[in-house]
Structures are given as structure tokens and as C-alpha cells.
>>> print(open('protein11.cif').read())   # mmCIF, C-alpha atoms
data_final
#
loop_
_atom_site.label_atom_id
_atom_site.label_comp_id
_atom_site.auth_asym_id
_atom_site.auth_seq_id
_atom_site.Cartn_x
_atom_site.Cartn_y
_atom_site.Cartn_z
CA MET A 1 112.71 145.80 74.27
CA SER A 2 114.32 147.36 77.32
CA GLN A 3 112.37 148.60 80.31
CA SER A 4 112.46 152.14 81.53
CA PRO A 5 113.91 152.82 85.00
CA GLN A 6 110.34 153.25 86.31
CA GLN A 7 109.26 149.86 84.87
CA GLN A 8 112.36 148.19 86.34
CA SER A 9 111.55 149.69 89.74
CA ASN A 10 107.93 148.46 89.49
CA THR A 11 109.12 144.97 88.50
CA ARG A 12 111.44 144.84 91.53
CA VAL A 13 108.60 145.90 93.84
CA VAL A 14 106.24 143.27 92.40
CA LEU A 15 108.89 140.53 92.68
CA SER A 16 109.71 141.59 96.24
CA LEU A 17 106.03 141.48 97.20
CA LEU A 18 105.60 138.07 95.58
CA ALA A 19 108.64 136.76 97.47
CA LEU A 20 107.19 138.17 100.71
CA VAL A 21 103.84 136.45 100.05
CA VAL A 22 105.60 133.12 99.39
CA VAL A 23 107.70 133.43 102.58
CA MET A 24 104.65 134.36 104.66
CA GLY A 25 102.62 131.50 103.18
CA ALA A 26 105.39 129.00 103.95
CA GLY A 27 105.67 130.41 107.48
CA ALA A 28 101.92 130.09 108.03
CA TRP A 29 101.95 126.52 106.70
CA ALA A 30 104.83 125.55 109.02
CA ALA A 31 103.53 127.43 112.07
CA VAL A 32 100.97 124.84 113.24
CA PRO A 33 103.26 121.77 113.12
CA PHE A 34 106.08 123.79 114.69
CA TYR A 35 103.79 125.11 117.44
CA ASN A 36 102.46 121.59 118.16
CA TRP A 37 106.02 120.23 118.35
CA PHE A 38 107.08 123.10 120.60
CA CYS A 39 104.11 122.60 122.96
CA LYS A 40 104.64 118.84 123.19
CA THR A 41 108.35 119.27 123.82
CA THR A 42 108.05 121.99 126.45
CA GLY A 43 104.56 121.43 127.89
CA TYR A 44 103.77 125.01 126.87
CA GLY A 45 100.09 125.88 127.06
CA GLY A 46 99.38 122.84 129.24
CA THR A 47 100.09 120.36 126.45
CA THR A 48 100.40 116.87 127.86
CA ASN A 49 102.77 114.03 126.99
CA VAL A 50 102.08 110.50 125.80
CA ALA A 51 103.83 107.63 127.59
CA GLU A 52 104.10 103.96 126.70
CA GLN A 53 104.63 102.77 130.26
CA LEU A 54 104.35 103.86 133.87
CA PRO A 55 107.34 105.31 135.71
CA ASP A 56 109.49 102.86 137.68
CA HIS A 57 108.65 104.48 141.03
CA VAL A 58 105.73 106.11 142.83
CA LEU A 59 106.26 108.94 145.30
CA ASP A 60 104.57 109.13 148.68
CA ARG A 61 103.23 112.60 147.81
CA GLU A 62 99.65 112.95 146.57
CA ILE A 63 98.28 115.30 143.95
CA THR A 64 94.65 116.12 143.14
CA VAL A 65 93.60 115.85 139.50
CA ARG A 66 90.40 117.66 138.54
CA PHE A 67 88.48 116.85 135.38
CA ASP A 68 86.74 119.39 133.17
CA ALA A 69 84.60 118.84 130.07
CA ASN A 70 83.37 121.26 127.41
CA VAL A 71 81.85 121.17 123.95
CA ALA A 72 82.35 123.65 121.13
CA ARG A 73 79.44 125.98 120.42
CA ASP A 74 78.21 123.97 117.40
CA MET A 75 78.75 120.52 118.97
CA PRO A 76 75.38 119.09 120.07
CA TRP A 77 76.79 116.37 122.34
CA GLU A 78 76.46 116.38 126.10
CA PHE A 79 79.89 115.73 127.62
CA LYS A 80 81.00 115.50 131.25
CA PRO A 81 83.48 113.78 133.56
CA VAL A 82 82.06 110.80 135.47
CA LYS A 83 84.01 111.99 138.56
CA THR A 84 85.14 115.59 138.85
CA GLU A 85 88.36 114.85 140.74
CA MET A 86 90.62 112.17 142.16
CA LYS A 87 93.64 112.03 144.43
CA LEU A 88 96.53 109.82 143.53
CA LYS A 89 100.19 109.51 144.33
CA ILE A 90 102.66 111.09 141.96
CA GLY A 91 103.76 108.36 139.55
CA GLN A 92 100.66 106.20 140.21
CA ASN A 93 98.43 105.16 137.32
CA GLY A 94 95.09 106.96 137.29
CA LEU A 95 92.04 105.90 135.32
CA ALA A 96 89.27 108.44 134.75
CA PHE A 97 86.14 108.27 132.62
CA TYR A 98 84.28 110.90 130.65
CA GLU A 99 80.72 110.43 129.42
CA ALA A 100 79.46 111.60 126.03
CA TYR A 101 75.86 111.51 124.86
CA ASN A 102 74.46 112.22 121.40
CA PRO A 103 70.90 113.50 121.95
CA THR A 104 70.29 114.09 118.23
CA ASP A 105 68.74 111.89 115.55
CA ARG A 106 71.91 111.80 113.44
CA VAL A 107 75.34 110.17 113.63
CA ILE A 108 77.96 112.64 114.87
CA ALA A 109 81.74 112.40 114.90
CA GLY A 110 83.90 114.40 117.25
CA THR A 111 87.49 114.93 118.32
CA ALA A 112 88.68 116.25 121.65
CA SER A 113 91.37 118.82 122.24
CA TYR A 114 92.91 118.92 125.70
CA ASN A 115 95.18 120.78 128.03
CA VAL A 116 96.31 120.81 131.64
CA SER A 117 96.38 123.78 133.96
CA PRO A 118 98.42 125.23 135.43
CA ASP A 119 100.36 125.23 132.16
CA VAL A 120 103.67 124.20 133.76
CA ALA A 121 102.05 120.94 134.94
CA GLY A 122 101.29 119.89 131.35
CA TYR A 123 104.87 118.77 130.80
CA TYR A 124 104.58 116.29 133.70
CA PHE A 125 101.12 114.96 132.87
CA ASP A 126 101.47 111.76 130.82
CA LYS A 127 98.66 109.89 129.09
CA ILE A 128 99.02 106.18 128.39
CA GLN A 129 95.64 105.69 126.69
CA CYS A 130 93.01 108.30 125.88
CA PHE A 131 89.78 108.66 123.92
CA CYS A 132 91.30 111.90 122.64
CA PHE A 133 93.86 109.98 120.56
CA THR A 134 91.18 109.00 118.04
CA GLU A 135 88.00 110.34 116.53
CA GLN A 136 84.80 109.31 118.34
CA VAL A 137 81.56 108.49 116.52
CA LEU A 138 78.24 108.35 118.37
CA GLN A 139 75.01 107.01 116.94
CA PRO A 140 71.73 108.86 117.58
CA GLY A 141 70.83 108.54 121.26
CA GLU A 142 74.09 106.73 122.08
CA ARG A 143 75.77 107.30 125.46
CA VAL A 144 79.34 106.10 126.06
CA GLN A 145 81.95 106.25 128.78
CA MET A 146 85.43 106.94 127.50
CA PRO A 147 88.57 106.24 129.56
CA VAL A 148 91.80 108.14 129.99
CA SER A 149 94.75 106.36 131.64
CA PHE A 150 97.42 108.72 132.97
CA PHE A 151 100.05 109.51 135.58
CA VAL A 152 101.87 112.55 136.90
CA ASP A 153 105.60 112.16 136.26
CA PRO A 154 107.66 112.02 139.49
CA GLU A 155 110.10 114.47 137.86
CA ILE A 156 107.59 117.20 138.70
CA VAL A 157 109.13 117.44 142.20
CA ASN A 158 112.49 118.42 140.68
CA ASP A 159 111.09 121.37 138.72
CA ALA A 160 111.44 124.67 140.61
CA ASP A 161 108.27 126.05 139.00
CA ALA A 162 106.11 122.93 139.27
CA LYS A 163 107.16 121.20 142.49
CA ARG A 164 104.69 123.15 144.66
CA ILE A 165 101.65 122.17 142.58
CA LYS A 166 99.13 120.31 144.74
CA SER A 167 96.33 120.10 142.17
CA LEU A 168 95.91 120.33 138.42
CA THR A 169 93.01 120.27 135.98
CA LEU A 170 92.73 118.09 132.88
CA SER A 171 90.33 119.78 130.47
CA TYR A 172 88.79 118.48 127.24
CA THR A 173 86.74 120.22 124.59
CA PHE A 174 84.90 118.18 121.95
CA TYR A 175 84.50 119.54 118.42
CA GLU A 176 82.27 118.12 115.70
CA THR A 177 84.20 116.72 112.74
CA ASP A 178 83.27 115.28 109.38
CA LEU A 179 82.01 111.73 109.56
CA PRO A 180 84.49 109.04 108.52
CA GLU A 181 83.71 107.65 105.07
CA GLN A 182 82.22 104.39 106.35
CA HIS A 183 79.67 106.33 108.45
CA ALA A 184 79.01 109.17 106.01
CA SER A 185 77.74 106.76 103.35
CA VAL A 186 75.17 105.15 105.68
CA PRO A 187 71.77 106.88 105.59
CA PRO A 188 70.37 108.05 108.95
CA LEU A 189 68.28 105.50 110.84
CA ALA A 190 64.58 105.80 110.20
CA ALA A 191 62.40 106.19 113.25
CA GLU A 192 60.76 102.91 114.23
CA THR A 193 57.03 102.86 114.59
CA VAL A 194 55.41 100.94 117.40
CA ASN A 195 52.26 99.05 116.46
#
>>> encode(input="protein11.cif", output="C-alpha cells")
Amino acid sequence: MSQSPQQQSNTRVVLSLLALVVVMGAGAWAAVPFYNWFCKTTGYGGTTNVAEQLPDHVLDREITVRFDANVARDMPWEFKPVKTEMKLKIGQNGLAFYEAYNPTDRVIAGTASYNVSPDVAGYYFDKIQCFCFTEQVLQPGERVQMPVSFFVDPEIVNDADAKRIKSLTLSYTFYETDLPEQHASVPPLAAETVN
């Protein structure tokens, strides 16, 4: 049975719309990994780099690194930097600590997102080790200090936009995440009674 010209036109429109939905869905699916790759490659948005070793030289010039800590609206942890700033030479290894405290009566898992400002400095800020690389789990009432080992790449002085930077801010925000399976299956601790 052949279709009328109107039915053929409707079929083309429906197929075109379906193709558009598929293309948009694929684009949305690929957008996050592409954006993450782009930010890591360019330092866009203050995204930092990960390094396996320190640079082979340290410059005589100092830079101030400030530390900022935040929690998402629904994250009940208390979270703060142990020190709010440090001065170090460009290329020198820095070691900073952040403190997290779970004031609740339940186990809570969290992950930290991070960035550096000004944005252009993110490309030259390298982390060697960081609590933000893995999920953190705090027991009820637990308080921990979490380290971040980093350096500012000496190449920053060769960048026309970044070479005048005298200070930068490393900022973290903790978000609550689902408990890992080994913690989710453990019932909450019962309150102890004192006799």
C-alpha cells in the first residue's frame, strides 16, 4: 500500500526529528568527557593537572597559594583548610592539609571537586597526591586531616597571561555520594550506654 504525499512528508519529518534526537543525545553523552578532557588539557576553568614527579628545577620567585573549602548544600560535613595560605617557591613541593569532620550519627561518603583561580593558573598547578583523587568515607563523629601534595610548574613564568600571577587559590567543594558497597551493608553503630 503506497503512502500519500502528505503521509510521506509526515514520515520524513518524524524520521528527521528522531535523527535529531539521536544526534542530540549522543552529543549530550559525549559532552561531559569531552569537556573534562578539554579542561585538563588547557587548564580551562581552573582545572589542575596531575604530576608523577616534581619539576627538575625550582625558581627563586615565590608565589602565595591560598586554600578554600566548601561543602555542597546537602553535605553535612564540616570542612576547612588547616592553614589558609602558604608561600613557596615556584617548582617547590607544597604540602597542605584540609580537615573534614562528620558531626552526624551516620557513615557518610563524599567526593571533592576542585579548581584553581585565577583560571589561567590552573594549567600550571600540579597535584602529586590528593584526597580528591578518591572517595572519602567518614564514620559518625570522625575527624580527619587529608593531605594534598602539589607544586606550581616553573613554566608559568613563560606564559604571557600567567607570568604576573603572585597568588592563586586552590578551592575544594565536598559533595555527598552513595556509600561504597562495603560500608552500605554495615548497619549504623548503635549508641553506647554508659552504666
>>> resolve_selection(input="protein11.cif", expression="the PyMOL selection byres ((chain A and resi 146-163) around 9)", output="ChimeraX atom specification")
/A:50-51,54-55,57-59,63,88-100,118,120-121,123-132,144-145,164-166
>>> resolve_selection(input="protein11.cif", expression="the PyMOL selection byres ((chain A and resi 135) around 8)", output="list in words")
Ala109, Gly110, Thr111, Ala112, Phe131, Cys132, Phe133, Thr134, Gln136 and Val137 of chain A
>>> atom_distance(input="protein11.cif", atom1="atom CA of A:Gly122", atom2="atom CA of A:Met75")
25.7 Å
>>> atom_distance(input="protein11.cif", atom1="atom CA of A:Pro76", atom2="atom CA of A:Tyr175")
9.3 Å
>>> atom_distance(input="protein11.cif", atom1="atom CA of A:Ala69", atom2="atom CA of A:Ser171")
5.8 Å
>>> axis_aligned_box(input="protein11.cif", around="stretch 62-67 of chain A", padding_each_side="3 Å", output="AutoDock Vina command-line options")
--center_x 94.1 --center_y 115.3 --center_z 141.0 --size_x 17.2 --size_y 10.7 --size_z 17.2
>>> closest_residue(input="protein11.cif", among="A:Leu170, A:Leu17, A:Leu179, A:Val116", to="A:Glu85", atoms="all atoms listed in the file")
A:Leu170
>>> resolve_selection(input="protein11.cif", expression="the PyMOL selection byres ((chain A and resi 66) around 9)", output="VMD selection string")
chain A and resid 64 to 65 67 to 68 83 to 87 167 to 171
>>> decode(input="protein11.cif", residues="stretch 77-92 of chain A", atoms="all heavy atoms", output="compact mmCIF listing (two decimals), in the first residue's frame")
# COMPACT_ATOMS: atom_id res chain seq x y z
N TRP A 77 28.96 17.48 56.36
CA TRP A 77 30.30 17.57 56.92
C TRP A 77 30.69 19.02 57.22
O TRP A 77 30.21 19.95 56.59
CB TRP A 77 31.34 17.03 55.95
CG TRP A 77 31.39 15.55 55.82
CD1 TRP A 77 30.60 14.63 56.45
CD2 TRP A 77 32.28 14.82 54.98
NE1 TRP A 77 30.95 13.37 56.04
CE2 TRP A 77 31.97 13.46 55.15
CE3 TRP A 77 33.28 15.18 54.11
CZ2 TRP A 77 32.66 12.46 54.47
CZ3 TRP A 77 33.96 14.20 53.43
CH2 TRP A 77 33.66 12.84 53.62
N GLU A 78 31.64 19.16 58.14
CA GLU A 78 32.36 20.41 58.33
C GLU A 78 33.69 20.21 57.62
O GLU A 78 34.31 19.16 57.76
CB GLU A 78 32.56 20.70 59.81
CG GLU A 78 31.25 20.97 60.54
CD GLU A 78 31.43 21.08 62.05
OE1 GLU A 78 32.59 21.23 62.53
OE2 GLU A 78 30.41 20.99 62.75
N PHE A 79 34.13 21.19 56.86
CA PHE A 79 35.31 21.04 56.02
C PHE A 79 36.04 22.36 55.94
O PHE A 79 35.42 23.40 55.69
CB PHE A 79 34.85 20.58 54.62
CG PHE A 79 35.93 20.41 53.61
CD1 PHE A 79 37.02 19.58 53.85
CD2 PHE A 79 35.86 21.07 52.39
CE1 PHE A 79 38.01 19.41 52.89
CE2 PHE A 79 36.84 20.91 51.43
CZ PHE A 79 37.92 20.08 51.68
N LYS A 80 37.35 22.34 56.22
CA LYS A 80 38.13 23.58 56.21
C LYS A 80 39.60 23.29 55.97
O LYS A 80 40.08 22.18 56.24
CB LYS A 80 37.97 24.32 57.54
CG LYS A 80 38.55 23.54 58.73
CD LYS A 80 38.34 24.27 60.03
CE LYS A 80 38.96 23.47 61.18
NZ LYS A 80 38.75 24.09 62.46
N PRO A 81 40.34 24.29 55.49
CA PRO A 81 41.80 24.10 55.38
C PRO A 81 42.42 24.25 56.76
O PRO A 81 41.96 25.05 57.58
CB PRO A 81 42.23 25.24 54.45
CG PRO A 81 41.18 26.30 54.61
CD PRO A 81 39.91 25.57 54.95
N VAL A 82 43.49 23.48 57.03
CA VAL A 82 44.19 23.61 58.30
C VAL A 82 44.90 24.96 58.34
O VAL A 82 44.87 25.68 59.33
CB VAL A 82 45.16 22.43 58.52
CG1 VAL A 82 46.02 22.64 59.74
CG2 VAL A 82 44.37 21.13 58.64
N LYS A 83 45.57 25.33 57.24
CA LYS A 83 46.17 26.66 57.07
C LYS A 83 45.49 27.29 55.87
O LYS A 83 45.23 26.61 54.88
CB LYS A 83 47.66 26.57 56.79
CG LYS A 83 48.52 26.26 57.95
CD LYS A 83 49.97 26.28 57.50
CE LYS A 83 50.91 26.46 58.66
NZ LYS A 83 52.31 26.52 58.19
N THR A 84 45.25 28.58 55.92
CA THR A 84 44.54 29.23 54.82
C THR A 84 45.45 29.68 53.69
O THR A 84 44.96 29.99 52.61
CB THR A 84 43.71 30.43 55.33
OG1 THR A 84 44.60 31.33 56.00
CG2 THR A 84 42.61 29.97 56.26
N GLU A 85 46.76 29.74 53.93
CA GLU A 85 47.67 30.08 52.84
C GLU A 85 49.10 29.68 53.16
O GLU A 85 49.44 29.45 54.32
CB GLU A 85 47.60 31.57 52.48
CG GLU A 85 48.21 32.52 53.47
CD GLU A 85 48.17 33.96 52.97
OE1 GLU A 85 47.12 34.39 52.44
OE2 GLU A 85 49.18 34.64 53.12
N MET A 86 49.91 29.57 52.12
CA MET A 86 51.34 29.31 52.28
C MET A 86 52.08 29.96 51.12
O MET A 86 51.54 30.11 50.03
CB MET A 86 51.65 27.82 52.38
CG MET A 86 51.59 27.05 51.09
SD MET A 86 52.24 25.34 51.14
CE MET A 86 51.40 24.63 52.51
N LYS A 87 53.33 30.34 51.40
CA LYS A 87 54.21 30.85 50.36
C LYS A 87 55.22 29.76 50.05
O LYS A 87 55.74 29.12 50.96
CB LYS A 87 54.94 32.11 50.83
CG LYS A 87 54.10 33.33 50.80
CD LYS A 87 54.94 34.56 51.05
CE LYS A 87 54.02 35.76 50.94
NZ LYS A 87 54.73 36.99 50.78
N LEU A 88 55.47 29.57 48.78
CA LEU A 88 56.50 28.63 48.38
C LEU A 88 57.11 29.10 47.07
O LEU A 88 56.53 29.92 46.36
CB LEU A 88 55.96 27.20 48.28
CG LEU A 88 54.97 26.87 47.19
CD1 LEU A 88 55.06 25.39 46.88
CD2 LEU A 88 53.57 27.19 47.63
N LYS A 89 58.27 28.58 46.78
CA LYS A 89 58.93 28.93 45.53
C LYS A 89 58.28 28.17 44.39
O LYS A 89 57.82 27.04 44.56
CB LYS A 89 60.42 28.63 45.61
CG LYS A 89 61.12 29.52 46.62
CD LYS A 89 62.60 29.34 46.60
CE LYS A 89 63.17 30.33 47.61
NZ LYS A 89 64.57 30.55 47.44
N ILE A 90 58.25 28.78 43.23
CA ILE A 90 57.68 28.13 42.05
C ILE A 90 58.54 26.91 41.71
O ILE A 90 59.75 27.00 41.58
CB ILE A 90 57.60 29.12 40.88
CG1 ILE A 90 56.61 30.23 41.22
CG2 ILE A 90 57.22 28.41 39.59
CD1 ILE A 90 56.50 31.33 40.19
N GLY A 91 57.88 25.76 41.64
CA GLY A 91 58.56 24.49 41.40
C GLY A 91 58.80 23.69 42.67
O GLY A 91 59.10 22.51 42.61
N GLN A 92 58.66 24.32 43.83
CA GLN A 92 58.87 23.65 45.12
C GLN A 92 57.64 22.83 45.49
O GLN A 92 56.51 23.23 45.24
CB GLN A 92 59.14 24.72 46.19
CG GLN A 92 59.31 24.18 47.59
CD GLN A 92 59.47 25.32 48.62
OE1 GLN A 92 59.51 26.50 48.27
NE2 GLN A 92 59.56 24.95 49.87
